[in-house]
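Undergrad: Pasting a structure below so you can have a look.
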Amino acid sequence: MTGIPQDFVIIAIDGGAASGKSTSARALSERFHLLHVDTGSFYRGLTAEMLRCGVAAGDANAVDRALATLSLTTRIDGRSARMEIGGRIVPEAEIRGREVNEQVSHFAALPPVRQALLAYQRDQAGVARSHGFRGVVMEGRDIGSVIFPDADFRFFLHADPAERARRRASEGQQDSIAERDRLDSSRKTAPLACPVGATSIDTTHLNPAQVVAQLAATLAPRLTSP
Ligand code: DC
């Protein structure tokens with residue numbers, strides 16, 4: 001016995017756009033050797049693929065047809081899981097671009113789209129195990145409520161809209177986060193909301209290191225830094 005807990009751990013981090021999820025999840029993945037899974041990038045990749053195929057979110061039949069032909073696999077890139085569609089990773093510049101920013105919440109609101117990604121997201125735990133990670137840190141909107149309601153740790157990050165807009169602008173990104181949050185919070189299926197029992201953290205007045213410190217303090221009794 002080494003005294004170091006080696007059990008597999010699932011950490012869910014939910015929150016709105018620019019609430020601090022990605023920075024925190026990436027830092028935790030480094031510190032605790034966890035697979036970082038950014039599920040927003042999955043919805044973005046799928047949206048880019050739909051747009052590439054000329055499929056509109058309002059055309060339910062075309063969406064269903066496109067989903068039926070999807071083949072999703074995962075490539076490990078450092079400590080991150082990247083989604084491959086038909087063996088191809090959609091480039092970052094495309095999934096963070098204006099068109100995808102505008103469309104992603106419309107596709108993400110469609111139950112067949114969410115269903116198509118449900119098992120794929122849960123399977124990331126198996127991907128992490130088979131690659132020797134100590135666990136998964138998965139970020140999104142419905143991770144602690146739908147994907148892993150029994151996750152070992154569930155966090156919900158939030159911040160004032162003005163502060164979140166400032167963060168996106170400082171990253172040089174044009175992103176109508178208020179509109180996306182409105183759509184993500186008001187949709188019928190798996191809306192953005194703090195899951196019951198999750199730890200809610202207001203990041204408005206915290207810098208990234210302070211957010212990570214708070215999360216890591218909660219995880220520390222279970223995970224010791226390697
Ligand atoms: O995290 P992000 O801003 O990159 O996510 C892009 C969009 O994907 C977001 O506006 C809503 C959707 N999304 C979702 O519906 N469920 C998730 N688990 C993750 C993202």
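Residues are named by chain letter and number: chains run A, B, ... in the order of the structure tokens, numbers start at 1 in each chain, and ligands are numbered from 1 in the order shown.
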Show me, as a Markdown table, the residues of stretch 104-137 of chain A having an atom within 10 Å of stretch 31-55 of chain A, each with the closest atom pair and its distance in Å, using only C-alpha atoms.
TA:
```
| residue | atom | partner | partner_atom | distance |
| --- | --- | --- | --- | --- |
| A:Val104 | CA | A:Thr47 | CA | 5.7 |
| A:Ser105 | CA | A:Tyr43 | CA | 8.5 |
| A:His106 | CA | A:Thr47 | CA | 9.0 |
| A:Phe107 | CA | A:Thr47 | CA | 6.5 |
| A:Ala108 | CA | A:Tyr43 | CA | 6.4 |
| A:Val113 | CA | A:Tyr43 | CA | 8.4 |
| A:Arg114 | CA | A:Tyr43 | CA | 8.6 |
| A:Ala116 | CA | A:Leu46 | CA | 9.9 |
| A:Leu117 | CA | A:Phe42 | CA | 7.9 |
| A:Tyr120 | CA | A:Phe42 | CA | 9.6 |
| A:Gln121 | CA | A:Thr39 | CA | 7.4 |
| A:Gln124 | CA | A:Val37 | CA | 7.6 |
| A:Ala125 | CA | A:Leu35 | CA | 8.5 |
| A:Val127 | CA | A:Leu35 | CA | 8.7 |
| A:Ala128 | CA | A:Leu35 | CA | 5.8 |
| A:Arg129 | CA | A:Leu35 | CA | 9.0 |
| A:His131 | CA | A:Leu35 | CA | 8.9 |
| A:Gly132 | CA | A:His33 | CA | 9.0 |
| A:Phe133 | CA | A:Leu34 | CA | 5.3 |
| A:Arg134 | CA | A:Leu34 | CA | 5.5 |
| A:Gly135 | CA | A:Leu34 | CA | 4.8 |
| A:Val136 | CA | A:Leu35 | CA | 4.7 |
| A:Val137 | CA | A:His36 | CA | 5.1 |
```
Undergrad: Can you pull out every residue from chain A that DSSP, working from the backbone, puts in strand (DSSP E or B), and format the result as a PyMOL selection string?
TA: chain A and resi 9-15+35-38+72-77+80-85+88+135-140+153-158+199-202
Undergrad: Please report as a tab-separated table every residue of stretch 65-159 of chain A lying within 12 Å of stretch 202-221 of chain A, along with the nearest atom pair and their distance in Å (one decimal), using only C-alpha atoms.
TA:
```
residue	atom	partner	partner_atom	distance
A:Gly135	CA	A:Leu219	CA	11.9
A:Val137	CA	A:Leu219	CA	11.3
A:Asp152	CA	A:Leu219	CA	9.4
A:Phe153	CA	A:Leu219	CA	7.8
A:Arg154	CA	A:Leu215	CA	10.1
A:Phe155	CA	A:Leu215	CA	8.2
A:Phe156	CA	A:Asp202	CA	8.6
A:Leu157	CA	A:Asp202	CA	6.0
A:His158	CA	A:Asp202	CA	5.0
A:Ala159	CA	A:Thr204	CA	4.4
```
Undergrad: Output the selection as a PDB file, in the first residue's frame - N, CA, C and O atoms for each residue.
TA:
```
ATOM      1  N   GLY A 135      -8.778   9.620 -13.695  1.00  0.00           N
ATOM      2  CA  GLY A 135     -10.188   9.970 -13.726  1.00  0.00           C
ATOM      3  C   GLY A 135     -10.480  10.888 -14.892  1.00  0.00           C
ATOM      4  O   GLY A 135      -9.635  11.077 -15.777  1.00  0.00           O
ATOM      5  N   VAL A 137     -12.167  14.790 -15.875  1.00  0.00           N
ATOM      6  CA  VAL A 137     -12.783  16.056 -15.507  1.00  0.00           C
ATOM      7  C   VAL A 137     -13.526  16.525 -16.750  1.00  0.00           C
ATOM      8  O   VAL A 137     -12.925  16.811 -17.783  1.00  0.00           O
ATOM      9  N   ASP A 152     -18.390  11.787  -8.756  1.00  0.00           N
ATOM     10  CA  ASP A 152     -17.810  11.911  -7.410  1.00  0.00           C
ATOM     11  C   ASP A 152     -17.849  13.351  -6.923  1.00  0.00           C
ATOM     12  O   ASP A 152     -18.033  13.617  -5.738  1.00  0.00           O
ATOM     13  N   PHE A 153     -17.643  14.286  -7.861  1.00  0.00           N
ATOM     14  CA  PHE A 153     -17.673  15.717  -7.519  1.00  0.00           C
ATOM     15  C   PHE A 153     -18.454  16.445  -8.606  1.00  0.00           C
ATOM     16  O   PHE A 153     -18.239  16.203  -9.801  1.00  0.00           O
ATOM     17  N   ARG A 154     -19.325  17.342  -8.191  1.00  0.00           N
ATOM     18  CA  ARG A 154     -20.081  18.131  -9.180  1.00  0.00           C
ATOM     19  C   ARG A 154     -19.984  19.600  -8.791  1.00  0.00           C
ATOM     20  O   ARG A 154     -20.336  19.995  -7.675  1.00  0.00           O
ATOM     21  N   PHE A 155     -19.503  20.400  -9.748  1.00  0.00           N
ATOM     22  CA  PHE A 155     -19.350  21.838  -9.517  1.00  0.00           C
ATOM     23  C   PHE A 155     -20.187  22.597 -10.530  1.00  0.00           C
ATOM     24  O   PHE A 155     -20.360  22.163 -11.675  1.00  0.00           O
ATOM     25  N   PHE A 156     -20.666  23.776 -10.097  1.00  0.00           N
ATOM     26  CA  PHE A 156     -21.370  24.679 -11.015  1.00  0.00           C
ATOM     27  C   PHE A 156     -20.733  26.052 -10.875  1.00  0.00           C
ATOM     28  O   PHE A 156     -20.752  26.649  -9.799  1.00  0.00           O
ATOM     29  N   LEU A 157     -20.127  26.547 -11.972  1.00  0.00           N
ATOM     30  CA  LEU A 157     -19.462  27.854 -11.951  1.00  0.00           C
ATOM     31  C   LEU A 157     -20.364  28.903 -12.590  1.00  0.00           C
ATOM     32  O   LEU A 157     -21.016  28.637 -13.597  1.00  0.00           O
ATOM     33  N   HIS A 158     -20.394  30.085 -12.004  1.00  0.00           N
ATOM     34  CA  HIS A 158     -21.168  31.164 -12.612  1.00  0.00           C
ATOM     35  C   HIS A 158     -20.479  32.483 -12.333  1.00  0.00           C
ATOM     36  O   HIS A 158     -19.626  32.586 -11.434  1.00  0.00           O
ATOM     37  N   ALA A 159     -20.807  33.505 -13.137  1.00  0.00           N
ATOM     38  CA  ALA A 159     -20.197  34.834 -12.974  1.00  0.00           C
ATOM     39  C   ALA A 159     -21.135  35.852 -13.597  1.00  0.00           C
ATOM     40  O   ALA A 159     -21.981  35.508 -14.438  1.00  0.00           O
TER      41      ALA A 159
END
```
Undergrad: Between A:Ala62, A:Val90, A:Ala151, A:Ala12, which one has atoms that come closest to ligand 1, using only C-alpha atoms and all ligand atoms?
TA: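 That would be A:Ala12, the residue with the smallest distance to ligand 1.
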Undergrad: To one decimal in Å, tell me the separation between atom CA of A:Glu179 and atom 10 (O, counted along the ligand's line) of ligand 1.
TA: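 Calculated distance between atom CA of A:Glu179 and atom 10 (O, counted along the ligand's line) of ligand 1 is 8.9 Å.
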Undergrad: Ranking A:Pro91, A:Gly20, A:Gly97, A:Pro149 by minimum distance to A:Glu163 and counting only C-alpha atoms, which one comes first?
TA: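 Once distances to A:Glu163 are computed over only C-alpha atoms, the minimum belongs to A:Gly20.
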Undergrad: From the options A:Leu110, A:Ala178, A:Val100, A:Ala18, which residue's atoms come nearest to A:Leu67, counting only C-alpha atoms?
TA: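 That would be A:Leu110, the residue with the smallest distance to A:Leu67.
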Undergrad: Using atom CA of A:Cys194 and atom 14 (C, counted along the ligand's line) of ligand 1 as the two end points, give the distance in Å to one decimal.
TA: 13.5 Å
Undergrad: Neighbouring residues of A:Ser71 were defined as those with any atom within 10 Å, considering only C-alpha atoms; residues of the same chain fewer than 5 positions away were excluded. Please report them as a PyMOL selection string.
TA: chain A and resi 84-88
Undergrad: Could those selected residues go to a file with all heavy atoms, as a JSON list (two decimals), in the first residue's frame?
TA:
```json
[["chain", "number", "residue", "atom", "x", "y", "z"],
["A", 84, "GLU", "N", -13.38, 12.89, -32.98],
["A", 84, "GLU", "CA", -13.19, 12.73, -34.42],
["A", 84, "GLU", "C", -14.55, 12.39, -35.04],
["A", 84, "GLU", "O", -15.29, 11.55, -34.52],
["A", 84, "GLU", "CB", -12.23, 11.58, -34.72],
["A", 84, "GLU", "CG", -10.84, 11.77, -34.14],
["A", 84, "GLU", "CD", -10.00, 10.51, -34.27],
["A", 84, "GLU", "OE1", -10.52, 9.41, -33.99],
["A", 84, "GLU", "OE2", -8.83, 10.62, -34.65],
["A", 85, "ILE", "N", -14.85, 13.06, -36.13],
["A", 85, "ILE", "CA", -16.07, 12.75, -36.87],
["A", 85, "ILE", "C", -15.62, 12.14, -38.19],
["A", 85, "ILE", "O", -14.92, 12.80, -38.97],
["A", 85, "ILE", "CB", -16.91, 14.01, -37.14],
["A", 85, "ILE", "CG1", -17.22, 14.73, -35.82],
["A", 85, "ILE", "CG2", -18.20, 13.66, -37.88],
["A", 85, "ILE", "CD1", -18.04, 16.01, -35.95],
["A", 86, "GLY", "N", -15.96, 10.88, -38.40],
["A", 86, "GLY", "CA", -15.48, 10.20, -39.60],
["A", 86, "GLY", "C", -13.95, 10.23, -39.65],
["A", 86, "GLY", "O", -13.37, 10.36, -40.73],
["A", 87, "GLY", "N", -13.31, 10.13, -38.50],
["A", 87, "GLY", "CA", -11.85, 10.07, -38.44],
["A", 87, "GLY", "C", -11.17, 11.43, -38.51],
["A", 87, "GLY", "O", -9.95, 11.52, -38.46],
["A", 88, "ARG", "N", -11.96, 12.50, -38.59],
["A", 88, "ARG", "CA", -11.37, 13.84, -38.74],
["A", 88, "ARG", "C", -11.73, 14.72, -37.53],
["A", 88, "ARG", "O", -12.88, 14.72, -37.07],
["A", 88, "ARG", "CB", -11.94, 14.45, -40.03],
["A", 88, "ARG", "CG", -11.67, 15.93, -40.22],
["A", 88, "ARG", "CD", -12.33, 16.44, -41.50],
["A", 88, "ARG", "NE", -12.19, 17.88, -41.63],
["A", 88, "ARG", "CZ", -13.11, 18.77, -41.27],
["A", 88, "ARG", "NH1", -14.27, 18.37, -40.79],
["A", 88, "ARG", "NH2", -12.88, 20.06, -41.41]]
```
Undergrad: Between A:Ser130, A:Thr189, A:Asn61, A:Ser200, which residue has the minimum interatomic distance to ligand 1, considering only C-alpha atoms and all ligand atoms?
TA: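 Looking at the shortest contact to ligand 1, the residue is A:Thr189.
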Undergrad: Interatomic distance between atom CA of A:Ser29 and atom CA of A:Ala190?
TA: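 Interatomic distance, atom CA of A:Ser29 to atom CA of A:Ala190: 25.2 Å.
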